[in-house]
Amino acid sequence: MQPTLVAVAHGSRDPRAPLAVRALLERVRELRPHLDVRLGHVELNEPLLGDALGALPGGGEAVLVPLLLGRGTHVKRDLPAAAARAGQLRVRVAAPLGPHPLLVEALYERLLEAGWTPGTAVVLAAAGSRDPDSAADTGRAAALLSERLDGVPVVPAYASAAAPRVPDAVRALAARGHRVAVASYFAAPGRFAAACAAAASGPAAAPLGDHPALARLVVLRYEQALARRARPLELATA
C-alpha cells in the first residue's frame, strides 16, 4: 500500500478555514482516488496532527505534506518533532508548498478573479515569520509572480513578525503612482488574510483555498518526498 498522505494545516479560529482545507483535500482525492488522504492541524482545529498520526495503523508509513507556504518554524521543527513522536509509523516530511510555479499559477488566477488588470502592481501578503528562510521563500514567490504578471512590481509584505507590513507596502507602491492589488499568500481564510485584504487600495484576491493547482502541488510534494532516498524523519528541502 502507498504511504498515507497526511496534509498538515496550520489551524485557525475562522470557521471558513477548515472548510477550505477539506475542500482542497477533496480535490486531492479526486486526483489520487486510491490514496489514503488525511488531515492534521498544528493547532486550533481538530484533528490535531498528533491525533491524526495516532489514528494510523502501527507499522505503516505516512508522508506529512505541509499546507504551508515556506520554511518557517512549523516546517523545520514542529512537523519533524511530530513525526519523531509517531513511533509506530515510518514518517517523512515533504517540502512546504512554496515557492513553486503551480502556486504562482493559483495566485495569478485568484488575482484575475478579484479584478486585477495588467499593469497593476501587487503586494504579496503573507503571514510573516522571523525565520530568514521563510522570508526568502516569500521573496522568491514574489519574483515568480512578477514574471507571471509580465514584470509588474510584486512586493512581499507581511501581517506580522516581519517587515514591511502590508499597509506600508500598499502605501509605498501607491506613492510611486501605482494602482495596487493584494495577492493573498494564504492557503485558507483567517484573521491575517482578512486583515491583509482590508489594507488593499484596489483588488484584493481571495486565499488560495481549493484551487486545482494547489491540489496538484500537494500531490507533487507527496510524490517528491517518496522519490527521495531519504531516511524516515528527514526533512525534504527542495
# chains A, B, ... in the order shown; residues from 1 in each chain; ligands from 1

$ select_by_dssp --residues "segment 102-147 of chain A" --states "strand (DSSP E)" --output "ChimeraX atom specification"
/A:121-126

$ residues_around --residues "Val104 of chain A" --least-positions-apart "6" --cutoff "8 Å" --atoms "only C-alpha atoms" --output "JSON, numbers by chain"
{"A": [141, 144, 145, 148]}

$ closest_residue --among "A:Glu43, A:Asp78, A:Glu113, A:Glu105" --to "Ser12 of chain A" --atoms "only C-alpha atoms"
A:Glu43

$ residues_around --residues "Pro189 of chain A" --least-positions-apart "4" --cutoff "9 Å" --atoms "only C-alpha atoms" --output "NGL selection string"
:A and (12 or 14-18 or 20 or 193-194 or 206-209)

$ atom_distance --atom1 "atom CA of Leu5 of chain A" --atom2 "atom CA of Val37 of chain A"
4.8 Å

$ closest_atom_pairs --of "segment 56-146 of chain A" --to "segment 151-171 of chain A" --cutoff "9 Å" --atoms "only C-alpha atoms" --output "JSON lines"
{"residue": "A:Pro118", "atom": "CA", "partner": "A:Val152", "partner_atom": "CA", "distance": 8.1}
{"residue": "A:Gly119", "atom": "CA", "partner": "A:Val152", "partner_atom": "CA", "distance": 6.0}
{"residue": "A:Thr120", "atom": "CA", "partner": "A:Val152", "partner_atom": "CA", "distance": 6.9}
{"residue": "A:Ala121", "atom": "CA", "partner": "A:Pro153", "partner_atom": "CA", "distance": 5.1}
{"residue": "A:Val122", "atom": "CA", "partner": "A:Val154", "partner_atom": "CA", "distance": 4.7}
{"residue": "A:Val123", "atom": "CA", "partner": "A:Val155", "partner_atom": "CA", "distance": 4.8}
{"residue": "A:Leu124", "atom": "CA", "partner": "A:Pro156", "partner_atom": "CA", "distance": 4.7}
{"residue": "A:Ala125", "atom": "CA", "partner": "A:Ala157", "partner_atom": "CA", "distance": 5.1}
{"residue": "A:Ala126", "atom": "CA", "partner": "A:Tyr158", "partner_atom": "CA", "distance": 4.8}
{"residue": "A:Ala127", "atom": "CA", "partner": "A:Ala159", "partner_atom": "CA", "distance": 5.0}
{"residue": "A:Gly128", "atom": "CA", "partner": "A:Tyr158", "partner_atom": "CA", "distance": 4.9}
{"residue": "A:Ser129", "atom": "CA", "partner": "A:Ala161", "partner_atom": "CA", "distance": 5.3}
{"residue": "A:Arg130", "atom": "CA", "partner": "A:Ala161", "partner_atom": "CA", "distance": 5.8}
{"residue": "A:Ala135", "atom": "CA", "partner": "A:Ala162", "partner_atom": "CA", "distance": 8.2}
{"residue": "A:Thr138", "atom": "CA", "partner": "A:Pro156", "partner_atom": "CA", "distance": 6.5}
{"residue": "A:Gly139", "atom": "CA", "partner": "A:Pro156", "partner_atom": "CA", "distance": 6.0}
{"residue": "A:Ala141", "atom": "CA", "partner": "A:Pro156", "partner_atom": "CA", "distance": 8.4}
{"residue": "A:Ala142", "atom": "CA", "partner": "A:Val154", "partner_atom": "CA", "distance": 5.6}
{"residue": "A:Ala143", "atom": "CA", "partner": "A:Val154", "partner_atom": "CA", "distance": 6.9}
{"residue": "A:Leu145", "atom": "CA", "partner": "A:Val154", "partner_atom": "CA", "distance": 7.0}
{"residue": "A:Ser146", "atom": "CA", "partner": "A:Gly151", "partner_atom": "CA", "distance": 4.9}

$ write_last_selection --atoms "N, CA and C atoms" --output "CSV table (one decimal), in the first residue's frame"
chain,number,residue,atom,x,y,z
A,118,PRO,N,-3.8,44.1,-16.1
A,118,PRO,CA,-2.4,44.3,-16.5
A,118,PRO,C,-1.9,45.6,-16.1
A,119,GLY,N,-0.7,45.7,-15.6
A,119,GLY,CA,0.0,46.9,-15.2
A,119,GLY,C,-0.2,47.3,-13.7
A,120,THR,N,-1.2,46.6,-13.1
A,120,THR,CA,-1.4,46.9,-11.6
A,120,THR,C,-0.4,46.2,-10.8
A,121,ALA,N,0.3,47.0,-9.9
A,121,ALA,CA,1.3,46.4,-9.0
A,121,ALA,C,0.6,45.5,-8.0
A,122,VAL,N,1.4,44.7,-7.3
A,122,VAL,CA,0.8,43.7,-6.4
A,122,VAL,C,1.7,43.7,-5.1
A,123,VAL,N,1.0,43.6,-4.0
A,123,VAL,CA,1.6,43.3,-2.7
A,123,VAL,C,1.2,41.8,-2.5
A,124,LEU,N,2.3,41.0,-2.3
A,124,LEU,CA,2.1,39.6,-2.0
A,124,LEU,C,2.0,39.5,-0.5
A,125,ALA,N,0.8,39.3,0.1
A,125,ALA,CA,0.6,39.4,1.5
A,125,ALA,C,0.7,38.0,2.1
A,126,ALA,N,1.7,37.9,3.1
A,126,ALA,CA,2.0,36.6,3.7
A,126,ALA,C,1.8,36.8,5.2
A,127,ALA,N,1.8,35.7,5.9
A,127,ALA,CA,1.6,35.8,7.4
A,127,ALA,C,2.8,36.4,8.1
A,128,GLY,N,4.0,36.0,7.6
A,128,GLY,CA,5.2,36.6,8.2
A,128,GLY,C,5.9,35.6,9.2
A,129,SER,N,7.2,35.7,9.3
A,129,SER,CA,8.0,34.8,10.2
A,129,SER,C,9.3,35.5,10.5
A,130,ARG,N,9.9,35.1,11.6
A,130,ARG,CA,11.2,35.6,11.9
A,130,ARG,C,12.3,34.8,11.3
A,135,ALA,N,11.3,34.2,4.8
A,135,ALA,CA,11.2,35.4,4.1
A,135,ALA,C,11.8,35.2,2.7
A,138,THR,N,9.2,33.6,0.5
A,138,THR,CA,8.2,34.5,0.1
A,138,THR,C,8.7,35.5,-1.0
A,139,GLY,N,10.0,35.9,-0.8
A,139,GLY,CA,10.6,36.8,-1.8
A,139,GLY,C,10.7,36.1,-3.2
A,141,ALA,N,8.7,33.7,-4.3
A,141,ALA,CA,7.4,33.6,-4.8
A,141,ALA,C,7.0,34.9,-5.4
A,142,ALA,N,7.3,36.0,-4.8
A,142,ALA,CA,7.0,37.3,-5.3
A,142,ALA,C,7.7,37.6,-6.7
A,143,ALA,N,9.0,37.1,-6.8
A,143,ALA,CA,9.7,37.3,-8.0
A,143,ALA,C,9.1,36.4,-9.1
A,145,LEU,N,5.9,35.5,-9.3
A,145,LEU,CA,4.6,36.1,-9.6
A,145,LEU,C,4.8,37.3,-10.5
A,146,SER,N,5.9,38.1,-10.2
A,146,SER,CA,6.2,39.3,-11.1
A,146,SER,C,6.4,38.8,-12.5

$ residues_around --residues "Asp131 of chain A" --least-positions-apart "3" --cutoff "9 Å" --atoms "only C-alpha atoms" --output "list of chain:residue names"
A:Arg71, A:Gly72, A:Thr73, A:Gly128, A:Ser134, A:Ala135, A:Ala136

$ select_by_dssp --residues "segment 133-174 of chain A" --states "alpha helix (DSSP H)" --output "JSON list (two decimals) with N, CA and C atoms, in the first residue's frame"
[["chain", "number", "residue", "atom", "x", "y", "z"],
["A", 133, "ASP", "N", 14.71, 32.00, 6.21],
["A", 133, "ASP", "CA", 14.38, 31.12, 5.09],
["A", 133, "ASP", "C", 12.93, 31.32, 4.63],
["A", 134, "SER", "N", 12.05, 31.58, 5.58],
["A", 134, "SER", "CA", 10.66, 31.84, 5.24],
["A", 134, "SER", "C", 10.55, 33.12, 4.41],
["A", 135, "ALA", "N", 11.25, 34.17, 4.82],
["A", 135, "ALA", "CA", 11.24, 35.42, 4.06],
["A", 135, "ALA", "C", 11.83, 35.22, 2.67],
["A", 136, "ALA", "N", 12.89, 34.41, 2.57],
["A", 136, "ALA", "CA", 13.49, 34.14, 1.28],
["A", 136, "ALA", "C", 12.50, 33.41, 0.36],
["A", 137, "ASP", "N", 11.74, 32.48, 0.92],
["A", 137, "ASP", "CA", 10.75, 31.75, 0.12],
["A", 137, "ASP", "C", 9.65, 32.68, -0.38],
["A", 138, "THR", "N", 9.20, 33.58, 0.49],
["A", 138, "THR", "CA", 8.17, 34.54, 0.07],
["A", 138, "THR", "C", 8.72, 35.48, -1.00],
["A", 139, "GLY", "N", 9.95, 35.91, -0.82],
["A", 139, "GLY", "CA", 10.56, 36.76, -1.82],
["A", 139, "GLY", "C", 10.69, 36.08, -3.17],
["A", 140, "ARG", "N", 11.04, 34.80, -3.16],
["A", 140, "ARG", "CA", 11.13, 34.05, -4.41],
["A", 140, "ARG", "C", 9.77, 33.91, -5.05],
["A", 141, "ALA", "N", 8.74, 33.67, -4.26],
["A", 141, "ALA", "CA", 7.38, 33.59, -4.81],
["A", 141, "ALA", "C", 6.97, 34.92, -5.43],
["A", 142, "ALA", "N", 7.34, 36.03, -4.78],
["A", 142, "ALA", "CA", 7.02, 37.35, -5.34],
["A", 142, "ALA", "C", 7.71, 37.55, -6.68],
["A", 143, "ALA", "N", 8.97, 37.12, -6.78],
["A", 143, "ALA", "CA", 9.69, 37.26, -8.05],
["A", 143, "ALA", "C", 9.06, 36.42, -9.15],
["A", 144, "LEU", "N", 8.65, 35.20, -8.82],
["A", 144, "LEU", "CA", 7.99, 34.34, -9.80],
["A", 144, "LEU", "C", 6.65, 34.93, -10.23],
["A", 145, "LEU", "N", 5.91, 35.50, -9.27],
["A", 145, "LEU", "CA", 4.62, 36.10, -9.62],
["A", 145, "LEU", "C", 4.83, 37.32, -10.51],
["A", 146, "SER", "N", 5.86, 38.11, -10.23],
["A", 146, "SER", "CA", 6.15, 39.26, -11.09],
["A", 146, "SER", "C", 6.43, 38.82, -12.52],
["A", 147, "GLU", "N", 7.18, 37.74, -12.68],
["A", 147, "GLU", "CA", 7.42, 37.21, -14.02],
["A", 147, "GLU", "C", 6.11, 36.80, -14.69],
["A", 148, "ARG", "N", 5.23, 36.16, -13.92],
["A", 148, "ARG", "CA", 3.95, 35.71, -14.48],
["A", 148, "ARG", "C", 3.08, 36.88, -14.88],
["A", 166, "VAL", "N", 1.86, 44.87, 5.39],
["A", 166, "VAL", "CA", 1.06, 45.01, 4.17],
["A", 166, "VAL", "C", 0.58, 46.43, 3.96],
["A", 167, "PRO", "N", 0.00, 47.13, 4.94],
["A", 167, "PRO", "CA", -0.44, 48.51, 4.68],
["A", 167, "PRO", "C", 0.70, 49.42, 4.25],
["A", 168, "ASP", "N", 1.89, 49.22, 4.83],
["A", 168, "ASP", "CA", 3.04, 50.05, 4.46],
["A", 168, "ASP", "C", 3.45, 49.79, 3.01],
["A", 169, "ALA", "N", 3.44, 48.55, 2.60],
["A", 169, "ALA", "CA", 3.81, 48.23, 1.22],
["A", 169, "ALA", "C", 2.80, 48.79, 0.23],
["A", 170, "VAL", "N", 1.50, 48.72, 0.58],
["A", 170, "VAL", "CA", 0.48, 49.29, -0.29],
["A", 170, "VAL", "C", 0.70, 50.78, -0.43],
["A", 171, "ARG", "N", 0.93, 51.47, 0.68],
["A", 171, "ARG", "CA", 1.13, 52.92, 0.62],
["A", 171, "ARG", "C", 2.38, 53.28, -0.18],
["A", 172, "ALA", "N", 3.45, 52.50, 0.00],
["A", 172, "ALA", "CA", 4.69, 52.81, -0.71],
["A", 172, "ALA", "C", 4.51, 52.68, -2.23],
["A", 173, "LEU", "N", 3.83, 51.65, -2.68],
["A", 173, "LEU", "CA", 3.59, 51.50, -4.10],
["A", 173, "LEU", "C", 2.66, 52.59, -4.63],
["A", 174, "ALA", "N", 1.63, 52.91, -3.86],
["A", 174, "ALA", "CA", 0.71, 53.97, -4.28],
["A", 174, "ALA", "C", 1.42, 55.31, -4.38]]

$ atom_distance --atom1 "atom CA of Val91 of chain A" --atom2 "atom CA of Leu44 of chain A"
22.8 Å

$ closest_residue --among "A:Arg92, A:Arg221, A:Arg228, A:Arg216" --to "Val28 of chain A" --atoms "only C-alpha atoms"
A:Arg216

$ residues_around --residues "Leu69 of chain A" --least-positions-apart "4" --cutoff "7 Å" --atoms "only C-alpha atoms" --output "list in words"
Pro96, Leu97, Gly98 and Pro99 of chain A

$ residues_around --residues "Gln88 of chain A" --least-positions-apart "3" --cutoff "10 Å" --atoms "only C-alpha atoms" --output "VMD selection string"
chain A and resid 53 to 54 56 to 61 83 to 85 91

$ residues_around --residues "Asp51 of chain A" --least-positions-apart "3" --cutoff "10 Å" --atoms "only C-alpha atoms" --output "ChimeraX atom specification"
/A:39-41,46-48,54-56,86

$ atom_distance --atom1 "atom CA of Ala81 of chain A" --atom2 "atom CA of Ala95 of chain A"
15.0 Å

$ decode --residues "segment 118-141 of chain A" --atoms "N, CA and C atoms" --output "PDB file, in the first residue's frame"
ATOM      1  N   PRO A 118      -3.833  44.132 -16.134  1.00  0.00           N
ATOM      2  CA  PRO A 118      -2.417  44.264 -16.471  1.00  0.00           C
ATOM      3  C   PRO A 118      -1.872  45.650 -16.130  1.00  0.00           C
ATOM      4  N   GLY A 119      -0.668  45.653 -15.571  1.00  0.00           N
ATOM      5  CA  GLY A 119      -0.025  46.892 -15.170  1.00  0.00           C
ATOM      6  C   GLY A 119      -0.218  47.252 -13.720  1.00  0.00           C
ATOM      7  N   THR A 120      -1.185  46.604 -13.064  1.00  0.00           N
ATOM      8  CA  THR A 120      -1.436  46.877 -11.650  1.00  0.00           C
ATOM      9  C   THR A 120      -0.371  46.201 -10.793  1.00  0.00           C
ATOM     10  N   ALA A 121       0.287  46.977  -9.941  1.00  0.00           N
ATOM     11  CA  ALA A 121       1.291  46.411  -9.027  1.00  0.00           C
ATOM     12  C   ALA A 121       0.611  45.544  -7.978  1.00  0.00           C
ATOM     13  N   VAL A 122       1.394  44.680  -7.347  1.00  0.00           N
ATOM     14  CA  VAL A 122       0.832  43.701  -6.419  1.00  0.00           C
ATOM     15  C   VAL A 122       1.650  43.672  -5.133  1.00  0.00           C
ATOM     16  N   VAL A 123       0.958  43.620  -4.024  1.00  0.00           N
ATOM     17  CA  VAL A 123       1.566  43.280  -2.737  1.00  0.00           C
ATOM     18  C   VAL A 123       1.228  41.820  -2.460  1.00  0.00           C
ATOM     19  N   LEU A 124       2.274  41.006  -2.308  1.00  0.00           N
ATOM     20  CA  LEU A 124       2.076  39.599  -1.972  1.00  0.00           C
ATOM     21  C   LEU A 124       2.015  39.502  -0.453  1.00  0.00           C
ATOM     22  N   ALA A 125       0.813  39.341   0.080  1.00  0.00           N
ATOM     23  CA  ALA A 125       0.573  39.407   1.516  1.00  0.00           C
ATOM     24  C   ALA A 125       0.705  38.031   2.145  1.00  0.00           C
ATOM     25  N   ALA A 126       1.680  37.890   3.054  1.00  0.00           N
ATOM     26  CA  ALA A 126       1.952  36.628   3.729  1.00  0.00           C
ATOM     27  C   ALA A 126       1.826  36.800   5.237  1.00  0.00           C
ATOM     28  N   ALA A 127       1.789  35.680   5.946  1.00  0.00           N
ATOM     29  CA  ALA A 127       1.627  35.756   7.398  1.00  0.00           C
ATOM     30  C   ALA A 127       2.827  36.409   8.060  1.00  0.00           C
ATOM     31  N   GLY A 128       4.040  36.039   7.645  1.00  0.00           N
ATOM     32  CA  GLY A 128       5.249  36.590   8.247  1.00  0.00           C
ATOM     33  C   GLY A 128       5.883  35.621   9.222  1.00  0.00           C
ATOM     34  N   SER A 129       7.203  35.667   9.279  1.00  0.00           N
ATOM     35  CA  SER A 129       7.970  34.791  10.160  1.00  0.00           C
ATOM     36  C   SER A 129       9.297  35.466  10.453  1.00  0.00           C
ATOM     37  N   ARG A 130       9.880  35.149  11.609  1.00  0.00           N
ATOM     38  CA  ARG A 130      11.220  35.645  11.919  1.00  0.00           C
ATOM     39  C   ARG A 130      12.310  34.786  11.285  1.00  0.00           C
ATOM     40  N   ASP A 131      11.932  33.686  10.682  1.00  0.00           N
ATOM     41  CA  ASP A 131      12.907  32.799  10.051  1.00  0.00           C
ATOM     42  C   ASP A 131      13.325  33.381   8.704  1.00  0.00           C
ATOM     43  N   PRO A 132      14.612  33.615   8.491  1.00  0.00           N
ATOM     44  CA  PRO A 132      15.039  34.199   7.212  1.00  0.00           C
ATOM     45  C   PRO A 132      14.744  33.314   6.010  1.00  0.00           C
ATOM     46  N   ASP A 133      14.715  31.998   6.205  1.00  0.00           N
ATOM     47  CA  ASP A 133      14.378  31.119   5.087  1.00  0.00           C
ATOM     48  C   ASP A 133      12.934  31.325   4.634  1.00  0.00           C
ATOM     49  N   SER A 134      12.045  31.582   5.582  1.00  0.00           N
ATOM     50  CA  SER A 134      10.659  31.841   5.238  1.00  0.00           C
ATOM     51  C   SER A 134      10.545  33.120   4.409  1.00  0.00           C
ATOM     52  N   ALA A 135      11.250  34.169   4.824  1.00  0.00           N
ATOM     53  CA  ALA A 135      11.237  35.422   4.061  1.00  0.00           C
ATOM     54  C   ALA A 135      11.827  35.218   2.668  1.00  0.00           C
ATOM     55  N   ALA A 136      12.889  34.413   2.572  1.00  0.00           N
ATOM     56  CA  ALA A 136      13.486  34.139   1.278  1.00  0.00           C
ATOM     57  C   ALA A 136      12.499  33.412   0.362  1.00  0.00           C
ATOM     58  N   ASP A 137      11.745  32.480   0.916  1.00  0.00           N
ATOM     59  CA  ASP A 137      10.752  31.754   0.120  1.00  0.00           C
ATOM     60  C   ASP A 137       9.653  32.684  -0.376  1.00  0.00           C
ATOM     61  N   THR A 138       9.198  33.582   0.490  1.00  0.00           N
ATOM     62  CA  THR A 138       8.169  34.535   0.067  1.00  0.00           C
ATOM     63  C   THR A 138       8.716  35.478  -0.998  1.00  0.00           C
ATOM     64  N   GLY A 139       9.953  35.911  -0.821  1.00  0.00           N
ATOM     65  CA  GLY A 139      10.564  36.764  -1.824  1.00  0.00           C
ATOM     66  C   GLY A 139      10.691  36.080  -3.167  1.00  0.00           C
ATOM     67  N   ARG A 140      11.044  34.798  -3.161  1.00  0.00           N
ATOM     68  CA  ARG A 140      11.129  34.053  -4.409  1.00  0.00           C
ATOM     69  C   ARG A 140       9.768  33.914  -5.053  1.00  0.00           C
ATOM     70  N   ALA A 141       8.738  33.667  -4.261  1.00  0.00           N
ATOM     71  CA  ALA A 141       7.381  33.587  -4.806  1.00  0.00           C
ATOM     72  C   ALA A 141       6.968  34.921  -5.425  1.00  0.00           C
TER      73      ALA A 141
END
